[in-house]
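Here is the structure we will look at.
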Amino acid sequence: MKKAVHFGAGNIGRGFIGEILHKNGFEVAFVDVNETIIDALNARGSYEIELAEDAATHIPVDHVSGINNAKNPDAVIDAIKNADIVTTAIGPNILPFIAELIAKGIQARKTADKLDALDVIACENMIGGSEFLKTKVDAYLTAEDAAYVDSYIGFPNAAVDRIVPGQTHEDPLFVVVEPFSEWVIDESQLRNKAIHLDGVHYATDLEPFIERKLFSVNTGHATVAYNGFYYGFKTIDTALQDERVMTALVNTQKETRDLLLAKWDLFDEAELVAYHEKIRGRFVNPHLSDEITRVARTPIRKLGYDERFIRPIRELNDRNLSYATHLATAAKIFKYTDASDEQAVDLQNRLATEDLTQVIESVTGVKEPKLVQELKTAIEAL
Ligand SMILES: NC(=O)c1ccc[n+]([C@@H]2O[C@H](COP(=O)([O-])OP(=O)(O)OC[C@H]3O[C@@H](n4cnc5c(N)ncnc54)[C@H](O)[C@@H]3O)[C@@H](O)[C@H]2O)c1
Ligand SMILES: O=P(O)(O)OC[C@@H](O)[C@@H](O)[C@H](O)[C@H](O)CO
């Protein structure tokens, strides 16, 4: 069997990436620090996915194993040495912490004179995720290693879409997912073109696809989460029953369409309207309950310069298009609290001790006085 190494045996890792790799004949070594999950993968060698729909379908995934990277880094390096593909779904903030292991795995391939091409694909909600990972990996490589990477190792960007909420089953591996799924990989950045995964869409230019996904699904999701939190809700589906939250989502989607249509020739307005309607339906799937704390997690990341609110705000502003709803939700992120979310706690501590303008500028990376002032006014109005 072909061998895959996948970093992050969490919700989307088991609930989507594992499914696709398995379907394509790979045995999958999941790398994670969660001992319960790693032990269960090794004990059973299989797990089950359930599609959340009327007549729930069950998908068995076997030929899987686990490696605890904190305890057994050498096994990860060895697995990468022998892998046909490497994927991650671990969270953008964690990518820097696995970069050294990936670099060592690449060095092990080079030392073994392996000339098979390998792609390392970051499946994170992030524009340019694999390229970002490559910059972190590069920091651990010599000039000679870098030449080997240029020839044999690809870091194609990817976009992954499937709502996989937090799981609360007795079985730590069982994962309930929405039926919809989409995985797009930038074909132009692939090194190993012989691996063409069934169930993956290969695009020659990923940027419009990742923007359509991130600014539609994730900006929309976050709009529901931060407005929902502000109005006192706990889950995405219940928040959407509130007209104020639904209106915020619908208006945000309109601004997103305006941006996508102004920026890319590729999209058709009617198709985007249908895409956005479908997303609203996905958010209220009655068979899936998604906590606001999951969707609103890591608020500092979500306020990033190239992230789901600030990038559209900047780009709509550049085009003299309205970004009022994006801005109103971005302001609510500054009011988000969750004692169990390190970034939420950090943001609130900074707001309590530092000047608001300084916090806005440092968290969002925005320096343009007009946008900073608008954010400040919107936050102060809450
Ligand atoms: N859940 C979704 O609906 C969904 C959909 C598309 C994309 N994504 C993206 O996929 C990524 C993962 O999201 P998720 O929802 O699966 O999160 P998750 O928390 O369920 O999974 C992340 C996994 O990474 C592991 N991990 C954390 N630090 C680690 C480390 N240093 N070394 C090894 N493992 C470590 C955790 O133990 C966990 O099992 C994120 O970038 C997210 O944006 C999620
Ligand atoms: O994973 P995050 O924190 O970037 O965003 C939270 C959710 O919006 C996200 O996980 C979605 O469920 C997912 O991106 C759907 O494809």
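Each chain in the structure tokens gets a letter, A, B, ..., in the order shown, and its residues are numbered from 1; ligands are numbered from 1 in order too.
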Go through the chains and note each residue within 7 Å of ligand 1, using only C-alpha atoms and all ligand atoms, then give the set as a short mmCIF file (atom, residue, chain, number, x, y, z; two decimals) with N, CA and C atoms, in the first residue's frame.
```
data_model
loop_
_atom_site.label_atom_id
_atom_site.label_comp_id
_atom_site.auth_asym_id
_atom_site.auth_seq_id
_atom_site.Cartn_x
_atom_site.Cartn_y
_atom_site.Cartn_z
N PHE A 7 -0.35 14.80 9.87
CA PHE A 7 -0.19 15.48 11.16
C PHE A 7 -1.54 16.03 11.62
N GLY A 8 -2.00 15.59 12.80
CA GLY A 8 -3.26 16.09 13.37
C GLY A 8 -4.37 15.08 13.20
N ALA A 9 -4.53 14.24 14.24
CA ALA A 9 -5.59 13.21 14.18
C ALA A 9 -6.87 13.72 14.81
N GLY A 10 -7.13 15.03 14.61
CA GLY A 10 -8.32 15.65 15.21
C GLY A 10 -9.53 15.50 14.31
N ASN A 11 -10.41 16.49 14.41
CA ASN A 11 -11.72 16.38 13.75
C ASN A 11 -11.62 16.25 12.23
N ILE A 12 -10.95 17.22 11.59
CA ILE A 12 -10.91 17.17 10.12
C ILE A 12 -9.90 16.12 9.65
N GLY A 13 -8.87 15.89 10.45
CA GLY A 13 -7.87 14.87 10.09
C GLY A 13 -8.52 13.51 9.96
N VAL A 31 -0.08 11.49 13.04
CA VAL A 31 0.87 12.01 14.03
C VAL A 31 0.13 13.00 14.92
N ASP A 32 0.20 12.80 16.22
CA ASP A 32 -0.54 13.69 17.12
C ASP A 32 0.08 13.57 18.51
N VAL A 33 -0.24 14.56 19.36
CA VAL A 33 0.24 14.49 20.75
C VAL A 33 -0.86 13.97 21.68
N ASN A 34 -2.04 13.72 21.14
CA ASN A 34 -3.13 13.22 21.97
C ASN A 34 -2.98 11.70 22.16
N ASN A 69 4.24 12.31 18.36
CA ASN A 69 5.46 13.04 17.98
C ASN A 69 6.22 13.58 19.18
N ALA A 89 -3.40 18.76 9.23
CA ALA A 89 -4.61 19.50 9.61
C ALA A 89 -4.49 19.62 11.12
N ILE A 90 -3.71 20.59 11.52
CA ILE A 90 -3.24 20.65 12.90
C ILE A 90 -3.50 22.03 13.51
N GLY A 91 -3.85 22.98 12.65
CA GLY A 91 -4.04 24.37 13.06
C GLY A 91 -2.86 25.21 12.59
N PRO A 92 -3.13 26.38 11.98
CA PRO A 92 -2.05 27.24 11.47
C PRO A 92 -1.00 27.57 12.53
N ILE A 94 0.10 25.82 14.87
CA ILE A 94 0.93 24.67 15.28
C ILE A 94 1.95 24.32 14.18
N PHE A 97 5.61 24.36 14.85
CA PHE A 97 6.14 23.38 15.82
C PHE A 97 6.38 21.99 15.20
N ILE A 98 5.83 21.74 14.02
CA ILE A 98 6.10 20.43 13.39
C ILE A 98 7.11 20.57 12.24
N CYS A 123 -3.50 21.28 5.10
CA CYS A 123 -4.96 21.41 4.89
C CYS A 123 -5.54 22.24 6.03
N GLU A 124 -5.09 23.47 6.11
CA GLU A 124 -5.52 24.36 7.20
C GLU A 124 -6.40 25.46 6.61
N ASN A 125 -7.18 26.11 7.45
CA ASN A 125 -7.95 27.26 6.99
C ASN A 125 -7.05 28.47 6.96
N VAL A 160 -9.61 23.13 2.23
CA VAL A 160 -10.37 21.96 2.70
C VAL A 160 -11.68 22.44 3.30
N ASP A 161 -12.77 21.86 2.88
CA ASP A 161 -14.07 22.28 3.41
C ASP A 161 -14.92 21.09 3.81
N ARG A 162 -15.19 20.97 5.07
CA ARG A 162 -16.19 20.05 5.63
C ARG A 162 -16.38 20.47 7.08
N ILE A 163 -17.59 20.67 7.51
CA ILE A 163 -17.80 21.06 8.90
C ILE A 163 -17.72 19.81 9.77
N VAL A 164 -16.71 19.82 10.64
CA VAL A 164 -16.55 18.71 11.60
C VAL A 164 -16.51 19.33 12.99
N PRO A 165 -17.63 19.26 13.71
CA PRO A 165 -17.68 19.89 15.04
C PRO A 165 -16.85 19.11 16.06
N GLY A 166 -16.77 19.63 17.29
CA GLY A 166 -16.11 18.89 18.36
C GLY A 166 -16.87 17.59 18.60
#
```
Next on the checklist: With DSSP run on the backbone, what are the alpha helix (DSSP H) residues within region 77-317 of chain A? I'd like them as number ranges by chain.
Outcome noted: A: 77-81, 95-111, 129-138, 143-152, 207-213, 219-230, 236-239, 243-263, 269-283, 292-295, 299-302, 310-317
Checklist entry - Using only C-alpha atoms, which residues sit within 10 Å of Ile300 (chain A) once same-chain residues fewer than 2 positions away are excluded, as a PyMOL selection string? => result chain A and resi 297-298+302-304+307+333-334+342-344+346-347+362-364
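Remark: for ligand 2, the closest of the candidate residues A:Thr36, A:Gln253, A:Asn218, A:Gln189 is A:Asn218 (distances computed over only C-alpha atoms and all ligand atoms).
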Checklist entry - Hey, which of A:Leu316, A:Ala225, A:Ala147, A:Ile310 ends up closest to ligand 2? Count only C-alpha atoms and all ligand atoms. => result A:Ala225
